[in-house]
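Next comes input.tsv, a file with TSV, C-alpha atoms.
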```tsv
chain	number	residue	atom	x	y	z
A	23	MET	CA	19.07	-8.35	-38.21
A	24	LYS	CA	21.39	-8.99	-35.26
A	25	ASN	CA	21.98	-12.58	-36.35
A	26	ILE	CA	22.61	-11.48	-39.95
A	27	ILE	CA	25.23	-9.01	-38.73
A	28	LEU	CA	26.89	-11.67	-36.58
A	29	PHE	CA	26.93	-14.11	-39.49
A	30	MET	CA	28.40	-11.59	-41.93
A	31	LEU	CA	30.95	-10.49	-39.36
A	32	ALA	CA	32.24	-14.04	-38.89
A	33	VAL	CA	32.22	-14.86	-42.60
A	34	LEU	CA	33.91	-11.66	-43.79
A	35	ILE	CA	36.61	-11.78	-41.11
A	36	TRP	CA	37.41	-15.47	-41.51
A	37	GLY	CA	37.23	-15.16	-45.30
A	38	SER	CA	39.81	-12.36	-45.19
A	39	THR	CA	42.22	-13.84	-42.63
A	40	TRP	CA	43.65	-16.26	-45.18
A	41	LEU	CA	44.89	-13.38	-47.30
A	42	VAL	CA	46.00	-11.34	-44.27
A	43	ILE	CA	48.19	-14.25	-43.13
A	44	THR	CA	50.33	-13.77	-46.25
A	45	PHE	CA	51.46	-10.40	-44.83
A	46	GLN	CA	52.87	-12.30	-41.84
A	47	LEU	CA	55.17	-14.38	-44.04
A	48	GLY	CA	58.67	-13.03	-44.55
A	49	ASP	CA	61.34	-11.94	-42.07
A	50	VAL	CA	59.62	-13.27	-38.93
A	51	HIS	CA	59.46	-17.04	-38.43
A	52	PRO	CA	55.85	-18.30	-38.84
A	53	LEU	CA	55.93	-19.92	-35.41
A	54	VAL	CA	56.88	-16.61	-33.81
A	55	SER	CA	54.10	-14.81	-35.70
A	56	VAL	CA	51.55	-17.34	-34.46
A	57	PHE	CA	52.92	-16.83	-30.93
A	58	TYR	CA	52.47	-13.05	-31.18
A	59	ARG	CA	48.95	-13.45	-32.55
A	60	PHE	CA	47.63	-15.64	-29.77
A	61	ALA	CA	49.57	-13.91	-27.02
A	62	ILE	CA	47.70	-10.70	-27.92
A	63	ALA	CA	44.37	-12.53	-28.23
A	64	ALA	CA	44.89	-14.38	-24.95
A	65	VAL	CA	45.61	-11.16	-23.03
A	66	ILE	CA	42.46	-9.54	-24.44
A	67	LEU	CA	40.29	-12.53	-23.53
A	68	LEU	CA	41.82	-12.91	-20.07
A	69	ILE	CA	41.11	-9.25	-19.29
A	70	TYR	CA	37.56	-9.55	-20.64
A	71	ALA	CA	36.87	-12.80	-18.75
A	72	LYS	CA	38.19	-11.27	-15.53
A	73	TRP	CA	36.13	-8.13	-16.05
A	74	LYS	CA	32.96	-10.18	-16.62
A	75	ASN	CA	33.82	-12.53	-13.74
A	76	LEU	CA	33.67	-15.57	-16.04
A	77	PHE	CA	36.43	-17.57	-14.38
A	78	LYS	CA	35.22	-20.59	-12.39
A	79	PRO	CA	37.27	-23.16	-10.44
A	80	LEU	CA	38.40	-26.04	-12.66
A	81	ASN	CA	39.96	-29.39	-11.83
A	82	ALA	CA	43.25	-30.70	-13.22
A	83	LYS	CA	41.53	-32.76	-15.93
A	84	SER	CA	39.76	-29.67	-17.28
A	85	HIS	CA	43.02	-27.73	-17.45
A	86	ILE	CA	44.67	-30.61	-19.34
A	87	LEU	CA	41.81	-30.70	-21.83
A	88	LEU	CA	41.95	-26.92	-22.31
A	89	ALA	CA	45.70	-27.12	-22.87
A	90	LEU	CA	45.14	-29.84	-25.49
A	91	GLN	CA	42.42	-27.73	-27.10
A	92	GLY	CA	44.70	-24.71	-27.25
A	93	ILE	CA	47.69	-26.60	-28.66
A	94	CYS	CA	45.57	-28.18	-31.41
A	95	LEU	CA	43.18	-25.36	-32.24
A	96	PHE	CA	45.28	-22.25	-31.69
A	97	GLY	CA	48.86	-23.51	-31.73
A	98	ILE	CA	50.19	-26.14	-34.11
A	99	ASN	CA	47.15	-25.80	-36.37
A	100	HIS	CA	47.93	-22.19	-37.27
A	101	TRP	CA	51.66	-22.90	-37.48
A	102	ALA	CA	50.93	-25.52	-40.16
A	103	VAL	CA	48.60	-23.15	-42.01
A	104	TYR	CA	51.14	-20.30	-41.99
A	105	GLN	CA	53.80	-22.66	-43.34
A	106	GLY	CA	51.41	-24.05	-45.95
A	107	GLU	CA	50.60	-20.61	-47.31
A	108	HIS	CA	54.24	-20.29	-48.34
A	109	TYR	CA	53.47	-22.73	-51.16
A	110	ILE	CA	49.80	-22.29	-52.10
A	111	THR	CA	47.50	-19.30	-52.40
A	112	SER	CA	45.38	-18.12	-49.50
A	113	ALA	CA	42.24	-19.07	-51.45
A	114	LEU	CA	43.27	-22.70	-51.86
A	115	ALA	CA	44.28	-22.86	-48.19
A	116	ALA	CA	40.83	-21.57	-47.20
A	117	VAL	CA	39.09	-24.13	-49.41
A	118	MET	CA	41.19	-26.97	-48.03
A	119	SER	CA	40.17	-25.91	-44.51
A	120	THR	CA	36.56	-26.88	-45.32
A	121	SER	CA	37.71	-30.50	-44.90
A	122	ILE	CA	37.28	-29.81	-41.17
A	123	ILE	CA	33.57	-30.54	-41.63
A	124	TYR	CA	34.30	-34.15	-42.58
A	125	LEU	CA	37.08	-34.45	-40.00
A	126	ASN	CA	34.76	-33.25	-37.24
A	127	ILE	CA	32.29	-35.96	-38.19
A	128	LEU	CA	35.04	-38.60	-38.40
A	129	PHE	CA	36.62	-37.74	-35.05
A	130	GLY	CA	33.20	-37.32	-33.48
A	131	TRP	CA	32.48	-40.91	-34.48
A	132	ILE	CA	35.85	-42.22	-33.28
A	133	LEU	CA	36.24	-40.21	-30.09
A	134	LEU	CA	32.69	-39.34	-29.02
A	135	GLY	CA	30.83	-42.31	-30.47
A	136	LYS	CA	28.54	-40.23	-32.69
A	137	PRO	CA	27.07	-42.32	-35.56
A	138	VAL	CA	28.02	-41.46	-39.15
A	139	ALA	CA	25.04	-41.12	-41.51
A	140	LYS	CA	25.19	-42.28	-45.12
A	141	GLU	CA	24.69	-38.72	-46.40
A	142	VAL	CA	27.92	-37.78	-44.64
A	143	LEU	CA	29.88	-40.36	-46.63
A	144	GLY	CA	28.26	-39.26	-49.89
A	145	GLY	CA	28.88	-35.60	-49.11
A	146	ALA	CA	32.50	-36.31	-48.24
A	147	ILE	CA	33.12	-38.04	-51.58
A	148	ILE	CA	31.58	-35.14	-53.51
A	149	GLY	CA	33.48	-32.57	-51.46
A	150	VAL	CA	36.83	-34.30	-51.93
A	151	LEU	CA	36.24	-34.43	-55.70
A	152	GLY	CA	35.58	-30.71	-55.59
A	153	ILE	CA	38.81	-30.04	-53.70
A	154	ILE	CA	40.77	-32.08	-56.27
A	155	LEU	CA	39.21	-30.14	-59.14
A	156	LEU	CA	39.92	-26.80	-57.48
A	157	PHE	CA	43.55	-27.70	-56.88
A	158	LEU	CA	44.06	-29.37	-60.27
A	159	PRO	CA	45.32	-26.31	-62.22
A	160	GLU	CA	47.87	-25.54	-59.52
A	161	LEU	CA	49.06	-29.12	-59.11
A	162	THR	CA	49.49	-29.72	-62.85
A	163	LYS	CA	52.19	-27.05	-63.04
A	164	SER	CA	55.31	-29.21	-63.10
A	165	GLU	CA	57.54	-26.59	-61.56
A	166	MET	CA	55.10	-26.04	-58.67
A	167	SER	CA	53.60	-29.47	-58.13
A	168	GLN	CA	55.88	-30.67	-55.33
A	169	LEU	CA	55.67	-27.39	-53.42
A	170	ALA	CA	51.91	-27.24	-53.91
A	171	TYR	CA	51.49	-30.78	-52.59
A	172	TRP	CA	53.62	-29.85	-49.58
A	173	GLY	CA	51.52	-26.75	-48.90
A	174	LEU	CA	48.33	-28.74	-49.37
A	175	GLY	CA	49.55	-31.35	-46.88
A	176	LEU	CA	50.48	-28.75	-44.28
A	177	VAL	CA	47.07	-27.06	-44.43
A	178	PHE	CA	45.37	-30.45	-44.23
A	179	VAL	CA	47.43	-31.33	-41.14
A	180	GLY	CA	46.30	-28.00	-39.71
A	181	SER	CA	42.68	-28.97	-40.41
A	182	ILE	CA	43.16	-32.30	-38.63
A	183	LEU	CA	44.53	-30.55	-35.56
A	184	ALA	CA	41.78	-27.91	-35.65
A	185	SER	CA	39.20	-30.68	-35.81
A	186	LEU	CA	40.72	-32.40	-32.78
A	187	GLY	CA	40.61	-29.03	-31.02
A	188	ASN	CA	36.93	-28.68	-31.92
A	189	ILE	CA	36.16	-32.13	-30.55
A	190	THR	CA	37.98	-31.25	-27.34
A	191	SER	CA	36.05	-27.99	-27.17
A	192	ALA	CA	32.76	-29.85	-27.57
A	193	TYR	CA	33.75	-32.14	-24.72
A	194	THR	CA	34.73	-29.25	-22.42
A	195	GLN	CA	31.48	-27.42	-23.18
A	196	GLN	CA	29.53	-30.54	-22.29
A	197	SER	CA	31.30	-30.51	-18.93
A	198	GLY	CA	29.96	-27.00	-18.27
A	199	ILE	CA	32.95	-24.76	-19.08
A	200	ALA	CA	31.87	-21.47	-20.67
A	201	VAL	CA	33.18	-20.80	-24.17
A	202	THR	CA	34.89	-17.48	-23.36
A	203	HIS	CA	36.45	-18.97	-20.23
A	204	ALA	CA	37.69	-21.95	-22.25
A	205	ASN	CA	39.05	-19.83	-25.10
A	206	ALA	CA	40.87	-17.47	-22.74
A	207	LEU	CA	42.64	-20.34	-21.00
A	208	SER	CA	43.23	-22.48	-24.09
A	209	MET	CA	44.77	-19.56	-25.98
A	210	SER	CA	46.97	-18.88	-22.95
A	211	TYR	CA	48.12	-22.49	-22.86
A	212	ALA	CA	48.76	-22.38	-26.62
A	213	THR	CA	50.89	-19.26	-26.17
A	214	ILE	CA	52.96	-20.93	-23.45
A	215	PHE	CA	53.38	-24.06	-25.58
A	216	LEU	CA	54.50	-22.03	-28.61
A	217	ALA	CA	57.00	-20.10	-26.47
A	218	LEU	CA	58.51	-23.38	-25.25
A	219	ILE	CA	58.78	-24.76	-28.79
A	220	ILE	CA	60.48	-21.57	-29.96
A	221	ALA	CA	62.91	-21.70	-27.03
A	222	VAL	CA	63.96	-25.34	-27.54
A	223	SER	CA	64.13	-24.89	-31.33
A	224	ASP	CA	66.57	-22.01	-31.04
A	225	ILE	CA	64.28	-19.78	-33.10
A	226	HIS	CA	64.84	-16.05	-32.58
A	227	PHE	CA	62.02	-13.84	-31.34
A	228	SER	CA	62.40	-11.39	-34.19
A	229	PHE	CA	59.87	-8.73	-35.13
A	230	SER	CA	59.07	-6.72	-38.24
A	231	TYR	CA	58.27	-3.06	-37.65
A	232	THR	CA	56.66	-2.57	-41.04
A	233	PHE	CA	53.10	-1.29	-41.29
A	234	GLU	CA	52.01	-4.43	-43.19
A	235	TYR	CA	53.28	-6.81	-40.52
A	236	ILE	CA	52.00	-4.92	-37.48
A	237	SER	CA	48.59	-4.13	-38.94
A	238	SER	CA	48.06	-7.70	-40.17
A	239	LEU	CA	49.17	-9.07	-36.79
A	240	LEU	CA	46.68	-6.87	-34.92
A	241	TYR	CA	43.93	-7.75	-37.40
A	242	LEU	CA	44.53	-11.49	-36.98
A	243	ALA	CA	44.74	-11.25	-33.19
A	244	ILE	CA	41.83	-8.91	-32.53
A	245	PHE	CA	39.46	-9.58	-35.41
A	246	GLY	CA	40.45	-13.09	-36.54
A	247	SER	CA	41.02	-14.61	-33.08
A	248	VAL	CA	38.73	-12.65	-30.74
A	249	ILE	CA	35.88	-10.91	-32.56
A	250	ALA	CA	35.18	-13.57	-35.22
A	251	PHE	CA	35.06	-16.35	-32.64
A	252	TRP	CA	32.83	-14.20	-30.43
A	253	ALA	CA	30.45	-13.47	-33.33
A	254	TYR	CA	30.31	-17.10	-34.44
A	255	LEU	CA	29.83	-18.58	-30.98
A	256	THR	CA	27.18	-15.97	-30.18
A	257	LEU	CA	25.42	-16.95	-33.41
A	258	VAL	CA	25.61	-20.59	-32.38
A	259	GLY	CA	23.86	-19.69	-29.15
A	260	ASN	CA	21.18	-17.68	-30.97
A	261	ILE	CA	20.27	-19.94	-33.90
A	262	GLY	CA	22.05	-23.25	-33.23
A	263	ALA	CA	25.25	-24.84	-34.47
A	264	ASP	CA	23.63	-26.39	-37.55
A	265	LYS	CA	22.49	-23.07	-39.06
A	266	ALA	CA	25.60	-21.20	-37.94
A	267	GLY	CA	27.65	-23.88	-39.70
A	268	TYR	CA	26.80	-22.24	-43.03
A	269	ALA	CA	29.71	-19.88	-42.30
A	270	VAL	CA	32.08	-22.70	-43.26
A	271	LEU	CA	30.43	-22.85	-46.69
A	272	VAL	CA	30.59	-19.11	-47.36
A	273	TYR	CA	33.99	-17.87	-46.18
A	274	PRO	CA	36.02	-19.85	-48.81
A	275	ALA	CA	34.17	-17.89	-51.50
A	276	ILE	CA	35.27	-14.64	-49.82
A	277	ALA	CA	38.84	-15.95	-49.73
A	278	LEU	CA	38.71	-16.88	-53.43
A	279	ILE	CA	37.45	-13.44	-54.41
A	280	LEU	CA	40.15	-11.67	-52.38
A	281	SER	CA	42.84	-13.99	-53.76
A	282	SER	CA	41.75	-13.27	-57.33
A	283	LEU	CA	42.07	-9.54	-56.59
A	284	TYR	CA	45.36	-9.51	-54.70
A	285	GLU	CA	47.17	-12.78	-55.51
A	286	ASP	CA	46.29	-13.13	-59.20
A	287	TYR	CA	44.33	-16.30	-58.56
A	288	LEU	CA	42.94	-17.35	-61.96
A	289	TRP	CA	39.45	-18.79	-62.19
A	290	SER	CA	38.80	-21.67	-64.57
A	291	TRP	CA	35.94	-24.03	-65.25
A	292	GLN	CA	37.59	-26.46	-62.83
A	293	SER	CA	37.53	-23.75	-60.16
A	294	PHE	CA	33.81	-23.05	-60.56
A	295	LEU	CA	32.91	-26.74	-60.76
A	296	GLY	CA	35.17	-27.63	-57.85
A	297	LEU	CA	33.73	-24.88	-55.64
A	298	GLY	CA	30.23	-25.98	-56.53
A	299	LEU	CA	30.98	-29.59	-55.63
A	300	ILE	CA	32.55	-28.54	-52.33
A	301	VAL	CA	29.47	-26.51	-51.39
A	302	LEU	CA	27.17	-29.36	-52.49
A	303	GLY	CA	29.20	-31.96	-50.59
A	304	ASN	CA	29.26	-29.86	-47.44
A	305	LEU	CA	25.53	-29.21	-47.66
A	306	ILE	CA	24.86	-32.93	-47.93
A	307	ALA	CA	27.32	-33.82	-45.16
A	308	MET	CA	25.78	-31.23	-42.83
A	309	ASN	CA	22.30	-32.54	-43.70
A	310	LYS	CA	21.30	-29.19	-45.17
A	311	TRP	CA	20.33	-30.33	-48.67
A	312	GLN	CA	16.93	-31.68	-47.65
A	313	GLN	CA	16.23	-28.56	-45.59
A	314	ILE	CA	17.00	-26.31	-48.58
A	315	GLY	CA	14.80	-28.46	-50.86
A	316	LEU	CA	11.96	-28.26	-48.35
A	317	ALA	CA	12.34	-24.48	-48.10
A	318	LEU	CA	12.22	-24.16	-51.90
A	319	ARG	CA	9.09	-26.32	-52.11
A	320	ILE	CA	7.40	-24.22	-49.42
A	321	SER	CA	8.33	-21.03	-51.29
A	322	LYS	CA	6.89	-22.38	-54.56
A	323	THR	CA	3.69	-23.38	-52.78
A	324	ARG	CA	3.31	-19.89	-51.31
A	325	ILE	CA	3.92	-18.26	-54.69
A	326	ARG	CA	1.29	-20.44	-56.35
A	327	GLY	CA	-1.12	-19.71	-53.51
```

Rewritten as structure tokens:
Amino acid sequence: MKNIILFMLAVLIWGSTWLVITFQLGDVHPLVSVFYRFAIAAVILLIYAKWKNLFKPLNAKSHILLALQGICLFGINHWAVYQGEHYITSALAAVMSTSIIYLNILFGWILLGKPVAKEVLGGAIIGVLGIILLFLPELTKSEMSQLAYWGLGLVFVGSILASLGNITSAYTQQSGIAVTHANALSMSYATIFLALIIAVSDIHFSFSYTFEYISSLLYLAIFGSVIAFWAYLTLVGNIGADKAGYAVLVYPAIALILSSLYEDYLWSWQSFLGLGLIVLGNLIAMNKWQQIGLALRISKTRIRG
């Protein structure tokens, strides 16, 4: 039951953050909103890590890697996503983010030397076809096509950066740095980096005192950046990264449902088929398809018995 609660917590929060981000778009520059989000999250994690005595001495190389992790995973990645959601719905942005599964495998092969299995290539092809189908109704609107492509590209760039951040995180964990310790420092480095970019770009540190902006900011910082990561990483420790990875398959469906309720996202046969292909492709790429088939065969055997 504990693992089910952790799984649902991560999925529901991450599935909802894509819609909540849209409340951050408006008077405040997206880069400034991302800065506020991770400044709040970093302070919370630093206090928690200090309270739990999680900080350990690190060498200069480790700090450089954590800074790189923060800039990719918590900094520029979210900046690109916030910008991208100006042009596409939150649901489509969430679905595009599932490409991180294939990017993790690709960068793991290039940077960490992990072999790429043939099912990964097949799953990637199926998943990409699903993404194209899901985006097809939006991209065929002549008046929106260029903006939609731009939004799609920005979210994909964000996924690339997030994947590089994940690879860096995997490397730092292998070197013995605790996850909470790493996240507290990497979010802090990301906040400093974002502040420097804002300063040199002559962007104003404006703020919106509306209920929508403040509440969405706190939700993204506390729930989306602290609690969801805690729930997911705890789940990884309890049941393993392979099983916990199902969260990536489920949260886009939550985002699609919320978008259809609040953003007038219209479902079509392409949407259902595209979502199905994405789930199928991800299952194959994550080597889950055979496990599911085996589980179904075992269930049938038990029923017959």

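Atom pair atom CA of A:Ala243 / atom CA of A:Phe60: separated by 6.3 Å.
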
What lies within 7 Å of stretch 167-173 of chain A using all atoms listed in the file, ignoring chain neighbours under 6 positions off, as a PyMOL selection string?
chain A and resi 106-107+109-110+161

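Atom CA of A:Leu133 to atom CA of A:Asn188 spans 11.7 Å [interatomic distance, one decimal].
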
At what distance in Å, to one decimal, does atom CA of A:Ile122 lie from atom CA of A:Ala82?
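A separation of 28.6 Å between them.
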
Using all atoms listed in the file, what does the table of stretch 137-243 of chain A residues within 10 Å of stretch 25-39 of chain A look like, with each row giving the shortest atom pair and its distance in Å to one decimal, sorted by chain and ascending number, as a tab-separated table?
```
residue	atom	partner	partner_atom	distance
A:Ser238	CA	A:Thr39	CA	8.8
A:Tyr241	CA	A:Thr39	CA	8.2
A:Leu242	CA	A:Thr39	CA	6.5
```

Output the selection as a short mmCIF file (atom, residue, chain, number, x, y, z; two decimals), keeping the file's coordinate frame - C-alpha atoms for each residue.
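Final output, saved to out_39.cif:
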```cif
data_model
loop_
_atom_site.label_atom_id
_atom_site.label_comp_id
_atom_site.auth_asym_id
_atom_site.auth_seq_id
_atom_site.Cartn_x
_atom_site.Cartn_y
_atom_site.Cartn_z
CA SER A 238 48.06 -7.70 -40.17
CA TYR A 241 43.93 -7.75 -37.40
CA LEU A 242 44.53 -11.49 -36.98
#
```

Pick from A:Leu174, A:Leu88, A:Ala217, A:Leu143, whichever lies nearest to A:Met118 using all atoms listed in the file
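Of A:Leu174, A:Leu88, A:Ala217, A:Leu143, the one nearest A:Met118, counting all atoms listed in the file, is A:Leu174.
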
Looking at A:Phe227, A:Phe129, A:Phe251, A:Trp40, which one is nearest to A:Pro52, with distances taken over all atoms listed in the file?
A:Phe227

Looking at A:Ser208, A:Ser112, A:Ser197, A:Thr190, which one is nearest to A:Ile276, with distances taken over all atoms listed in the file?
A:Ser112
